[in-house]
Structure formats: C-alpha cells, structure tokens
Amino acid sequence: MPADPADPAEAAWDRAVTAFVRHLADERGLSPNTVAAYRRDVGELATWSADFAIEPDEVTLQVLRRFIGQRRRDGLARSSIGRKRAALRTFFAWARRRGLVTTDPAALLDAPRSDRRLPKVLRTDQVAALIGHAAGEGPIAQRDAAILELLYASGARVSELVTLDLDAIDVPRRTLRLHGKGDKQRLVPLGLPAIAVLTRWLDDGRPEVLSTAQTAGHATCDEAVLLSRRGGRIDRTEVYRMVRARGLAAGVGHVTPHVLRHSYATHLLEGGADLRSVQELLGHAALATTQTYTHVSREHLREVYVQAHPRA
C-alpha cells in the first residue's frame with residue numbers, strides 16, 4: 001500500500017522494498033513468482049516494523065528475532081519461517097551494499113535446524129502406470145500423456161513446461177530447451193518414448209484442439225506446445241489438477257508435477273548418473289540442492305540391501 005507521507009517509517013520501508021523488488025526483477029532477473037515471494041516476506045517485516053515506528057536502518061538482530069518469534073507463535077510452518085529468514089538475509093545484505101542500512105542485522109540471524117523431509121519419489125512401475133493410464137484416443141488424452149512424459153523425461157518444473165513454445169523442441173536431435181529460473185536456459189535430452197508421445201500430440205491432438213477452438217471463436221495460442229481445451233496456453237493450475245487426477249485414477253496416490261521431477265532426478269542417480277550432470281539437467285544453481293536426491297538414493301540402496309542380503 002502507498003506510504004503515508006506523515007509516517008517516516010512507512011515511507012522509508014516503501015522506498016526500500018520498492019527498490020529491492022526492482023533489483024530482484026531487473027538486475028537479478030528472477031521469475032515473477034520468486035520476486036512476489038520476496039516482496040511478500042520482506043513486506044511482512046516492513047508492515048510489522050512500521051507499526052512500531054521502526055525504520056529499516058533501525059532494525060536490529062533482536063527486532064528480527066521478535067518478528068520471527070511472532071510468526072512462529074502464529075503457527076507458521078517451519079519451512080515457511082525458513083523461507084522468510086532467507087528472504088530477510090537477502091534483503092538486508094542488499095540494503096547494506098546500497099547504503100540503505102549501516103549494519104546488516106540479518107547476518108547473524110540463525111538458520112533453523114533442517115527438518116527437510118525427503119521428497120516423494122515414484123517407483124519406475126508407478127511412473128509407467130501413471131503414464132499408461134493417460135494413454136488413449138482423443139486430443140486431451142494425447143496432451144495429458146505428453147505432459148506426463150515431458151515432466152518425467154526432462155525433469156522440467158511446471159513453470160518451465162507451461163511456457164514451452166514449439167521452437168524449443170528439436171525432434172530430430174531429441175532435445176528440449178527449457179527456460180528456467182534466473183532467465184537461464186538449458187538443453188535436456190528426451191528419450192524415445194517421450195518423443196513418440198510428444199510427436200503424436202503435435203501431429204494429431206494439438207491441431208485438432210486448435211481447429212475446434214478456432215471454430216468456436218476462442219482466441220488460440222499458435223506458438224504454445226501445450227494447450228488448454230479452449231486452445232490457449234495451458235496454465236500451471238490445470239497441469240496440477242490433471243496430474244493429481246491421473247495419479248489417483250491410476251492408483252499411484254497423490255502425485256504432483258514436482259513428484260515427477262523428484263523421480264526423474266532420483267532414477268538418474270540410481271542408474272549411475274553423476275551428481276554434477278544431474279545438477280545441470282535440473283537447472284540447479286547450487287550442488288547442495290541436488291544432493292537432496294542422494295539421500296533418496298541411499299534409502300533405495302538400503303531397501304535393496306535389507307531385501308537381498310542374507311545377513312541384513
């Protein structure tokens with residue numbers, strides 16, 4: 001909300017948050033969703049601090065701990081609190097570099113102890129059941145099968161999937177160009193099953209969806225790979241709903257697009273891929289993020305050992 005000129009604290013926070021958001025979007029090139037998350041987390045501190053007439057340069061470590069403590073008492077999940085801590089550390093480090101604050105109070109803000117749960121991963125037979133359930137006649141079934149194949153065959157994030165344009169696919173070379181976080185692009189290979197299902201959608205199902213939508217007078221998106229029933233670019237909400245419904249119908253349980261990304265990474269590591277290669281394929285900026293999947297693989301190896309070793 002616009003700052004009240006009579007309220008110095010609110011005005012100072014408004015200027016700082018506006019400049020920070022501009023930095024994230026224009027200089028760092030972060031995605032709109034990531035920028036919105038930073039704006040929301042830092043904006044909460046801004047509103048809370050302004051209520052106590054605390055300007056950005058007056059925030060201390062004690063103030064931050066009181067703010068975090070209040071969020072905890074409000075029942076916020078530990079993962080959400082961890083995200084807010086990270087956002088505040090990023091904000092104050094930036095504000096210190098820009099001279100908006102004289103010290104960085106968040107530099108000593110303790111990170112919460114990690115209780116990260118291992119990501120849910122499907123077995124290969126469950127992936128086959130999920131994709132097999134979507135196989136069928138009709139353009140929407142062809143589209144759904146293509147979405148599931150692409151999610152598992154490329155490890156794409158759902159945001160990367162829904163923004164795919166036709167020129168991102170190279171069928172002869174069996175590669176897919178994904179536009180990831182931080183405006184970074186990467187090429188990922190596709191297997192023959194994914195190419196076969198994708199080609200069927202592009203050659204048969206997609207033209208039928210476009211034709212039907214245009215006949216009905218709907219505005220269509222001619223460059224998008226994946227379309228809604230009305231011929232426009234499919235959105236992430238529709239993908240989530242479809243994947244969840246297909247998972248339940250196939251008897252696989254609760255499945256999300258990110259579960260297929262987790263499965264992609266884990267199955268690569270279990271198959272012998274090295275960690276650096278998987279990092280590149282996933283588009284992770286930090287290797288530590290990819291290392292989460294090594295824990296999943298170790299759990300898989302433990303299960304194999306218990307089942308197979310006579311003295312397990």
# chains A, B, ... in the order shown; residues from 1 in each chain; ligands from 1
>>> residues_around(residues="Val239 (chain A)", least_positions_apart="4", cutoff="10 Å", atoms="only C-alpha atoms", output="list in words")
Asp144, Ile147, Leu148, Val158, Ser159, Leu161, Val162, Leu226, Ser228, Ile234, Asp235, Val243, Arg244, Ala245, Thr256 and Pro257 of chain A
>>> write_last_selection(atoms="C-alpha atoms", output="mmCIF file, in the first residue's frame")
data_model
loop_
_atom_site.group_PDB
_atom_site.id
_atom_site.type_symbol
_atom_site.label_atom_id
_atom_site.label_comp_id
_atom_site.auth_asym_id
_atom_site.auth_seq_id
_atom_site.Cartn_x
_atom_site.Cartn_y
_atom_site.Cartn_z
ATOM 1 C CA ASP A 144 -2.087 -35.365 -20.899
ATOM 2 C CA ILE A 147 2.631 -33.614 -20.278
ATOM 3 C CA LEU A 148 3.354 -36.615 -18.059
ATOM 4 C CA VAL A 158 5.797 -26.984 -14.172
ATOM 5 C CA SER A 159 6.547 -23.282 -14.801
ATOM 6 C CA LEU A 161 6.634 -26.747 -19.020
ATOM 7 C CA VAL A 162 3.692 -24.377 -19.474
ATOM 8 C CA LEU A 226 0.678 -27.383 -24.595
ATOM 9 C CA SER A 228 -5.946 -25.850 -22.801
ATOM 10 C CA ILE A 234 -2.305 -24.239 -20.592
ATOM 11 C CA ASP A 235 -1.658 -22.842 -17.112
ATOM 12 C CA VAL A 243 -1.540 -34.767 -12.754
ATOM 13 C CA ARG A 244 -3.307 -35.174 -9.416
ATOM 14 C CA ALA A 245 -6.407 -36.675 -11.048
ATOM 15 C CA THR A 256 2.249 -33.529 -8.384
ATOM 16 C CA PRO A 257 4.443 -32.310 -11.251
#
>>> select_by_dssp(residues="region 179-308 of chain A", states="strand (DSSP E or B)", output="VMD selection string")
chain A and resid 179 185 to 189 224 227 233
>>> residues_around(residues="region 49-51 of chain A", least_positions_apart="4", cutoff="7 Å", atoms="only C-alpha atoms", output="PyMOL selection string")
chain A and resi 9-10+45+55
>>> write_last_selection(atoms="all heavy atoms", output="PDB file, in the first residue's frame")
ATOM      1  N   ALA A   9       8.589   6.004   9.025  1.00  0.00           N
ATOM      2  CA  ALA A   9       8.961   4.594   8.976  1.00  0.00           C
ATOM      3  C   ALA A   9       8.308   3.901   7.781  1.00  0.00           C
ATOM      4  O   ALA A   9       8.966   3.160   7.040  1.00  0.00           O
ATOM      5  CB  ALA A   9       8.565   3.892  10.274  1.00  0.00           C
ATOM      6  N   GLU A  10       7.023   4.151   7.598  1.00  0.00           N
ATOM      7  CA  GLU A  10       6.318   3.510   6.492  1.00  0.00           C
ATOM      8  C   GLU A  10       6.866   3.984   5.157  1.00  0.00           C
ATOM      9  O   GLU A  10       7.036   3.183   4.222  1.00  0.00           O
ATOM     10  CB  GLU A  10       4.825   3.806   6.597  1.00  0.00           C
ATOM     11  CG  GLU A  10       3.978   2.998   5.629  1.00  0.00           C
ATOM     12  CD  GLU A  10       2.482   3.153   5.875  1.00  0.00           C
ATOM     13  OE1 GLU A  10       2.115   3.596   6.968  1.00  0.00           O
ATOM     14  OE2 GLU A  10       1.706   2.831   4.954  1.00  0.00           O
ATOM     15  N   LEU A  45       7.695  -7.928   7.186  1.00  0.00           N
ATOM     16  CA  LEU A  45       8.562  -7.260   8.157  1.00  0.00           C
ATOM     17  C   LEU A  45       8.370  -5.747   8.089  1.00  0.00           C
ATOM     18  O   LEU A  45       8.347  -5.070   9.135  1.00  0.00           O
ATOM     19  CB  LEU A  45      10.032  -7.597   7.886  1.00  0.00           C
ATOM     20  CG  LEU A  45      11.039  -6.846   8.767  1.00  0.00           C
ATOM     21  CD1 LEU A  45      10.915  -7.277  10.222  1.00  0.00           C
ATOM     22  CD2 LEU A  45      12.467  -7.046   8.260  1.00  0.00           C
ATOM     23  N   GLU A  55      12.310   2.107  11.418  1.00  0.00           N
ATOM     24  CA  GLU A  55      12.727   2.251  10.027  1.00  0.00           C
ATOM     25  C   GLU A  55      13.754   1.163   9.677  1.00  0.00           C
ATOM     26  O   GLU A  55      14.315   0.526  10.580  1.00  0.00           O
ATOM     27  CB  GLU A  55      13.320   3.643   9.802  1.00  0.00           C
ATOM     28  CG  GLU A  55      12.309   4.767  10.037  1.00  0.00           C
ATOM     29  CD  GLU A  55      12.845   6.125   9.638  1.00  0.00           C
ATOM     30  OE1 GLU A  55      13.804   6.167   8.823  1.00  0.00           O
ATOM     31  OE2 GLU A  55      12.305   7.138  10.112  1.00  0.00           O
TER      32      GLU A  55
END
>>> select_by_dssp(residues="region 182-219 of chain A", states="helix (DSSP H, G or I)", output="list in words")
Gly182, Asp183, Leu192, Pro193, Ala194, Ile195, Ala196, Val197, Leu198, Thr199, Arg200, Trp201, Leu202, Asp203, Asp204, Gly205, Arg206, Pro207, Glu208, Val209, Leu210, Ser211, Thr212, Ala213, Gln214 and Thr215 of chain A
>>> write_last_selection(atoms="N, CA and C atoms", output="CSV table (one decimal), in the first residue's frame")
chain,number,residue,atom,x,y,z
A,182,GLY,N,16.0,-17.5,-13.0
A,182,GLY,CA,17.1,-16.6,-13.3
A,182,GLY,C,17.3,-16.3,-14.8
A,183,ASP,N,16.2,-16.6,-15.6
A,183,ASP,CA,16.3,-16.4,-17.0
A,183,ASP,C,17.4,-17.2,-17.7
A,192,LEU,N,13.2,-41.9,-26.4
A,192,LEU,CA,12.3,-42.2,-27.5
A,192,LEU,C,10.8,-42.3,-27.1
A,193,PRO,N,10.5,-42.8,-25.9
A,193,PRO,CA,9.0,-42.8,-25.5
A,193,PRO,C,8.5,-41.4,-25.5
A,194,ALA,N,9.2,-40.5,-24.9
A,194,ALA,CA,8.7,-39.1,-24.8
A,194,ALA,C,8.6,-38.5,-26.2
A,195,ILE,N,9.5,-38.7,-27.0
A,195,ILE,CA,9.5,-38.2,-28.4
A,195,ILE,C,8.2,-38.8,-29.1
A,196,ALA,N,8.0,-40.1,-29.0
A,196,ALA,CA,6.9,-40.7,-29.7
A,196,ALA,C,5.5,-40.1,-29.2
A,197,VAL,N,5.3,-39.9,-27.9
A,197,VAL,CA,4.1,-39.4,-27.4
A,197,VAL,C,4.0,-37.9,-27.7
A,198,LEU,N,5.1,-37.2,-27.6
A,198,LEU,CA,5.0,-35.8,-28.0
A,198,LEU,C,4.7,-35.5,-29.4
A,199,THR,N,5.3,-36.3,-30.3
A,199,THR,CA,5.1,-36.2,-31.7
A,199,THR,C,3.6,-36.5,-32.1
A,200,ARG,N,3.0,-37.5,-31.4
A,200,ARG,CA,1.6,-37.8,-31.6
A,200,ARG,C,0.7,-36.6,-31.2
A,201,TRP,N,1.0,-36.0,-30.1
A,201,TRP,CA,0.3,-34.8,-29.7
A,201,TRP,C,0.4,-33.7,-30.7
A,202,LEU,N,1.7,-33.4,-31.1
A,202,LEU,CA,1.9,-32.3,-32.0
A,202,LEU,C,1.3,-32.5,-33.4
A,203,ASP,N,1.3,-33.7,-33.9
A,203,ASP,CA,0.8,-34.0,-35.2
A,203,ASP,C,-0.7,-34.2,-35.3
A,204,ASP,N,-1.3,-34.8,-34.2
A,204,ASP,CA,-2.7,-35.1,-34.3
A,204,ASP,C,-3.5,-34.3,-33.3
A,205,GLY,N,-3.2,-34.5,-32.0
A,205,GLY,CA,-4.1,-33.9,-31.0
A,205,GLY,C,-4.1,-32.4,-31.0
A,206,ARG,N,-2.9,-31.8,-31.0
A,206,ARG,CA,-2.8,-30.3,-31.0
A,206,ARG,C,-3.5,-29.6,-32.1
A,207,PRO,N,-3.3,-30.0,-33.4
A,207,PRO,CA,-4.1,-29.4,-34.5
A,207,PRO,C,-5.6,-29.5,-34.3
A,208,GLU,N,-6.0,-30.6,-33.7
A,208,GLU,CA,-7.5,-30.8,-33.5
A,208,GLU,C,-8.0,-29.9,-32.5
A,209,VAL,N,-7.2,-29.7,-31.4
A,209,VAL,CA,-7.7,-28.7,-30.3
A,209,VAL,C,-7.7,-27.3,-30.9
A,210,LEU,N,-6.7,-26.9,-31.7
A,210,LEU,CA,-6.7,-25.6,-32.3
A,210,LEU,C,-7.9,-25.4,-33.2
A,211,SER,N,-8.1,-26.4,-34.0
A,211,SER,CA,-9.2,-26.3,-35.0
A,211,SER,C,-10.6,-26.1,-34.3
A,212,THR,N,-10.8,-27.0,-33.3
A,212,THR,CA,-12.1,-26.9,-32.6
A,212,THR,C,-12.2,-25.6,-31.9
A,213,ALA,N,-11.1,-25.1,-31.2
A,213,ALA,CA,-11.2,-23.8,-30.5
A,213,ALA,C,-11.5,-22.7,-31.5
A,214,GLN,N,-10.8,-22.7,-32.6
A,214,GLN,CA,-11.0,-21.6,-33.6
A,214,GLN,C,-12.4,-21.6,-34.1
A,215,THR,N,-12.9,-22.8,-34.4
A,215,THR,CA,-14.3,-22.9,-34.9
A,215,THR,C,-15.3,-22.3,-33.9
>>> residues_around(residues="Gly29 (chain A)", least_positions_apart="6", cutoff="12 Å", atoms="only C-alpha atoms", output="ChimeraX atom specification")
/A:21-23,35,180-184
>>> closest_residue(among="A:Glu137, A:Leu61, A:Ser80, A:Ser154", to="Asp110 (chain A)", atoms="only C-alpha atoms")
A:Leu61
>>> atom_distance(atom1="CA of Val59 (chain A)", atom2="CA of Ser31 (chain A)")
28.0 Å
>>> residues_around(residues="Arg65 (chain A)", least_positions_apart="6", cutoff="12 Å", atoms="only C-alpha atoms", output="tab-separated table (two decimals) with all heavy atoms, in the first residue's frame")
chain	number	residue	atom	x	y	z
A	45	LEU	N	7.70	-7.93	7.19
A	45	LEU	CA	8.56	-7.26	8.16
A	45	LEU	C	8.37	-5.75	8.09
A	45	LEU	O	8.35	-5.07	9.14
A	45	LEU	CB	10.03	-7.60	7.89
A	45	LEU	CG	11.04	-6.85	8.77
A	45	LEU	CD1	10.91	-7.28	10.22
A	45	LEU	CD2	12.47	-7.05	8.26
A	59	VAL	N	16.47	-1.47	12.38
A	59	VAL	CA	16.22	-2.89	12.67
A	59	VAL	C	17.48	-3.51	13.24
A	59	VAL	O	18.58	-3.34	12.70
A	59	VAL	CB	15.79	-3.63	11.38
A	59	VAL	CG1	15.69	-5.14	11.65
A	59	VAL	CG2	14.46	-3.10	10.89
A	71	ARG	N	5.89	-14.83	14.18
A	71	ARG	CA	5.42	-15.69	13.09
A	71	ARG	C	5.29	-17.14	13.58
A	71	ARG	O	4.36	-17.84	13.23
A	71	ARG	CB	6.40	-15.64	11.90
A	71	ARG	CG	6.69	-14.27	11.34
A	71	ARG	CD	5.55	-13.74	10.46
A	71	ARG	NE	4.47	-13.14	11.19
A	71	ARG	CZ	4.52	-11.93	11.77
A	71	ARG	NH1	5.62	-11.22	11.75
A	71	ARG	NH2	3.47	-11.45	12.39
A	72	ARG	N	6.25	-17.56	14.43
A	72	ARG	CA	6.21	-18.92	14.95
A	72	ARG	C	4.99	-19.10	15.87
A	72	ARG	O	4.31	-20.12	15.81
A	72	ARG	CB	7.50	-19.24	15.70
A	72	ARG	CG	7.63	-20.69	16.14
A	72	ARG	CD	8.93	-20.94	16.87
A	72	ARG	NE	10.09	-20.77	16.00
A	72	ARG	CZ	10.97	-19.78	16.10
A	72	ARG	NH1	10.83	-18.86	17.05
A	72	ARG	NH2	11.99	-19.71	15.27
A	81	ILE	N	8.93	-20.32	7.79
A	81	ILE	CA	9.79	-19.45	8.59
A	81	ILE	C	11.20	-19.45	8.02
A	81	ILE	O	11.86	-18.40	7.93
A	81	ILE	CB	9.78	-19.90	10.06
A	81	ILE	CG1	8.41	-19.62	10.68
A	81	ILE	CG2	10.88	-19.19	10.85
A	81	ILE	CD1	8.25	-20.12	12.09
A	84	LYS	N	11.31	-17.16	5.10
A	84	LYS	CA	11.31	-15.75	5.49
A	84	LYS	C	12.70	-15.33	5.97
A	84	LYS	O	13.17	-14.23	5.66
A	84	LYS	CB	10.27	-15.50	6.58
A	84	LYS	CG	8.83	-15.59	6.09
A	84	LYS	CD	7.85	-15.21	7.15
A	84	LYS	CE	6.41	-15.49	6.70
A	84	LYS	NZ	6.08	-14.78	5.46
A	85	ARG	N	13.35	-16.19	6.75
A	85	ARG	CA	14.71	-15.88	7.20
A	85	ARG	C	15.63	-15.65	6.00
A	85	ARG	O	16.42	-14.70	5.98
A	85	ARG	CB	15.25	-17.03	8.04
A	85	ARG	CG	14.64	-17.18	9.42
A	85	ARG	CD	15.17	-18.45	10.07
A	85	ARG	NE	14.55	-18.74	11.34
A	85	ARG	CZ	15.06	-18.41	12.52
A	85	ARG	NH1	16.20	-17.75	12.56
A	85	ARG	NH2	14.44	-18.71	13.65
A	88	LEU	N	14.91	-12.32	4.35
A	88	LEU	CA	15.40	-11.18	5.13
A	88	LEU	C	16.91	-11.06	5.03
A	88	LEU	O	17.46	-9.95	4.98
A	88	LEU	CB	14.96	-11.32	6.58
A	88	LEU	CG	13.44	-11.27	6.82
A	88	LEU	CD1	13.11	-11.42	8.29
A	88	LEU	CD2	12.84	-9.98	6.26
A	105	PRO	N	21.68	-6.57	10.16
A	105	PRO	CA	21.23	-7.30	11.35
A	105	PRO	C	20.90	-8.76	11.06
A	105	PRO	O	20.88	-9.59	11.97
A	105	PRO	CB	19.98	-6.53	11.77
A	105	PRO	CG	19.45	-5.94	10.50
A	105	PRO	CD	20.69	-5.59	9.71
A	106	ALA	N	20.64	-9.08	9.79
A	106	ALA	CA	20.24	-10.45	9.45
A	106	ALA	C	21.43	-11.37	9.27
A	106	ALA	O	21.26	-12.59	9.16
A	106	ALA	CB	19.38	-10.45	8.18
A	108	LEU	N	23.55	-12.34	11.34
A	108	LEU	CA	23.68	-13.24	12.47
A	108	LEU	C	22.37	-13.95	12.80
A	108	LEU	O	22.26	-14.59	13.85
A	108	LEU	CB	24.18	-12.47	13.71
A	108	LEU	CG	25.57	-11.84	13.58
A	108	LEU	CD1	25.91	-11.06	14.84
A	108	LEU	CD2	26.61	-12.92	13.32
A	109	LEU	N	21.40	-13.82	11.91
A	109	LEU	CA	20.12	-14.49	12.13
A	109	LEU	C	20.29	-15.98	11.93
A	109	LEU	O	20.63	-16.44	10.83
A	109	LEU	CB	19.07	-13.93	11.17
A	109	LEU	CG	17.60	-14.30	11.43
A	109	LEU	CD1	17.15	-13.78	12.78
A	109	LEU	CD2	16.72	-13.72	10.31
A	110	ASP	N	20.09	-16.74	12.98
A	110	ASP	CA	20.33	-18.18	12.91
A	110	ASP	C	19.40	-18.83	11.92
A	110	ASP	O	18.21	-18.52	11.87
A	110	ASP	CB	20.12	-18.83	14.29
A	110	ASP	CG	21.12	-18.32	15.31
A	110	ASP	OD1	22.21	-17.91	14.88
A	110	ASP	OD2	20.80	-18.33	16.50
A	111	ALA	N	19.97	-19.73	11.14
A	111	ALA	CA	19.15	-20.56	10.25
A	111	ALA	C	18.49	-21.64	11.09
A	111	ALA	O	19.09	-22.17	12.03
A	111	ALA	CB	20.00	-21.19	9.16
A	112	PRO	N	17.22	-21.98	10.81
A	112	PRO	CA	16.56	-23.03	11.57
A	112	PRO	C	17.20	-24.38	11.31
A	112	PRO	O	17.75	-24.61	10.23
A	112	PRO	CB	15.12	-22.99	11.03
A	112	PRO	CG	15.25	-22.46	9.66
A	112	PRO	CD	16.40	-21.48	9.70
>>> closest_residue(among="A:Arg143, A:Arg89, A:Arg73, A:Arg229", to="Ala107 (chain A)", atoms="only C-alpha atoms")
A:Arg89
>>> atom_distance(atom1="CA of Asp7 (chain A)", atom2="CA of Thr47 (chain A)")
11.9 Å
>>> atom_distance(atom1="CA of Ala265 (chain A)", atom2="CA of Gly247 (chain A)")
19.1 Å
>>> closest_residue(among="A:Arg246, A:Glu238, A:Arg97, A:Gly231", to="Gly132 (chain A)", atoms="only C-alpha atoms")
A:Arg246
>>> residues_around(residues="Leu281 (chain A)", least_positions_apart="3", cutoff="12 Å", atoms="only C-alpha atoms", output="PDB file with C-alpha atoms, in the first residue's frame")
ATOM      1  CA  ALA A 153      11.591 -37.432 -19.251  1.00  0.00           C
ATOM      2  CA  SER A 154      13.033 -33.929 -18.803  1.00  0.00           C
ATOM      3  CA  GLY A 155      12.660 -33.129 -15.104  1.00  0.00           C
ATOM      4  CA  ALA A 156      11.063 -29.824 -16.077  1.00  0.00           C
ATOM      5  CA  ARG A 157       9.475 -27.591 -13.490  1.00  0.00           C
ATOM      6  CA  THR A 175      16.301 -32.294 -27.181  1.00  0.00           C
ATOM      7  CA  LEU A 176      14.197 -29.790 -25.288  1.00  0.00           C
ATOM      8  CA  ARG A 177      15.192 -26.214 -24.435  1.00  0.00           C
ATOM      9  CA  LEU A 178      13.897 -25.189 -21.026  1.00  0.00           C
ATOM     10  CA  GLY A 180      14.492 -21.864 -16.047  1.00  0.00           C
ATOM     11  CA  GLN A 185      18.220 -21.745 -20.438  1.00  0.00           C
ATOM     12  CA  ARG A 186      19.344 -25.358 -20.620  1.00  0.00           C
ATOM     13  CA  LEU A 187      19.099 -28.179 -23.136  1.00  0.00           C
ATOM     14  CA  VAL A 188      17.904 -31.542 -21.889  1.00  0.00           C
ATOM     15  CA  PRO A 189      17.720 -34.803 -23.855  1.00  0.00           C
ATOM     16  CA  LEU A 190      14.465 -36.673 -24.383  1.00  0.00           C
ATOM     17  CA  ARG A 261      10.768 -34.083 -11.227  1.00  0.00           C
ATOM     18  CA  TYR A 264      13.451 -38.091 -12.674  1.00  0.00           C
ATOM     19  CA  ALA A 265      16.438 -36.963 -10.592  1.00  0.00           C
ATOM     20  CA  LEU A 268      19.048 -40.870 -12.863  1.00  0.00           C
ATOM     21  CA  LEU A 269      21.249 -41.156  -9.778  1.00  0.00           C
ATOM     22  CA  ALA A 273      24.421 -40.605 -13.339  1.00  0.00           C
ATOM     23  CA  ASP A 274      26.924 -38.351 -11.563  1.00  0.00           C
ATOM     24  CA  LEU A 275      25.714 -35.539  -9.309  1.00  0.00           C
ATOM     25  CA  ARG A 276      27.109 -32.708 -11.428  1.00  0.00           C
ATOM     26  CA  SER A 277      25.295 -33.944 -14.528  1.00  0.00           C
ATOM     27  CA  VAL A 278      22.012 -34.212 -12.650  1.00  0.00           C
ATOM     28  CA  HIS A 284      20.034 -26.142 -10.014  1.00  0.00           C
ATOM     29  CA  ALA A 285      22.295 -23.196  -9.243  1.00  0.00           C
ATOM     30  CA  LEU A 287      25.016 -28.513  -5.982  1.00  0.00           C
ATOM     31  CA  THR A 290      20.785 -31.582  -5.976  1.00  0.00           C
TER      32      THR A 290
END
>>> closest_residue(among="A:Ala87, A:Pro8, A:Ile54, A:Gly75", to="Val42 (chain A)", atoms="only C-alpha atoms")
A:Ala87
>>> decode(residues="region 162-218 of chain A", atoms="C-alpha atoms", output="compact mmCIF listing (two decimals), in the first residue's frame")
# COMPACT_ATOMS: atom_id res chain seq x y z
CA VAL A 162 3.69 -24.38 -19.47
CA THR A 163 5.87 -21.73 -21.15
CA LEU A 164 7.24 -24.11 -23.80
CA ASP A 165 6.97 -22.86 -27.37
CA LEU A 166 7.25 -25.01 -30.49
CA ASP A 167 10.73 -23.74 -31.31
CA ALA A 168 12.01 -25.19 -28.01
CA ILE A 169 11.63 -28.74 -29.32
CA ASP A 170 14.16 -30.37 -31.61
CA VAL A 171 12.61 -33.72 -32.54
CA PRO A 172 15.47 -34.99 -34.79
CA ARG A 173 18.05 -34.31 -32.06
CA ARG A 174 15.62 -35.37 -29.31
CA THR A 175 16.30 -32.29 -27.18
CA LEU A 176 14.20 -29.79 -25.29
CA ARG A 177 15.19 -26.21 -24.43
CA LEU A 178 13.90 -25.19 -21.03
CA HIS A 179 13.72 -21.62 -19.76
CA GLY A 180 14.49 -21.86 -16.05
CA LYS A 181 14.97 -19.67 -13.01
CA GLY A 182 17.06 -16.55 -13.30
CA ASP A 183 16.32 -16.35 -17.02
CA LYS A 184 18.70 -19.28 -17.61
CA GLN A 185 18.22 -21.74 -20.44
CA ARG A 186 19.34 -25.36 -20.62
CA LEU A 187 19.10 -28.18 -23.14
CA VAL A 188 17.90 -31.54 -21.89
CA PRO A 189 17.72 -34.80 -23.86
CA LEU A 190 14.46 -36.67 -24.38
CA GLY A 191 14.04 -40.42 -24.66
CA LEU A 192 12.28 -42.22 -27.49
CA PRO A 193 9.04 -42.85 -25.52
CA ALA A 194 8.70 -39.12 -24.78
CA ILE A 195 9.45 -38.20 -28.40
CA ALA A 196 6.85 -40.68 -29.66
CA VAL A 197 4.09 -39.39 -27.36
CA LEU A 198 5.02 -35.76 -27.96
CA THR A 199 5.06 -36.21 -31.74
CA ARG A 200 1.60 -37.80 -31.63
CA TRP A 201 0.27 -34.81 -29.70
CA LEU A 202 1.92 -32.28 -32.02
CA ASP A 203 0.84 -34.03 -35.22
CA ASP A 204 -2.67 -35.13 -34.25
CA GLY A 205 -4.07 -33.87 -30.96
CA ARG A 206 -2.79 -30.30 -30.96
CA PRO A 207 -4.09 -29.38 -34.46
CA GLU A 208 -7.48 -30.82 -33.52
CA VAL A 209 -7.65 -28.74 -30.33
CA LEU A 210 -6.69 -25.60 -32.26
CA SER A 211 -9.23 -26.25 -35.00
CA THR A 212 -12.06 -26.92 -32.57
CA ALA A 213 -11.22 -23.83 -30.51
CA GLN A 214 -10.98 -21.57 -33.55
CA THR A 215 -14.28 -22.85 -34.91
CA ALA A 216 -15.85 -21.98 -31.56
CA GLY A 217 -14.40 -18.47 -31.77
CA HIS A 218 -11.85 -18.80 -28.97
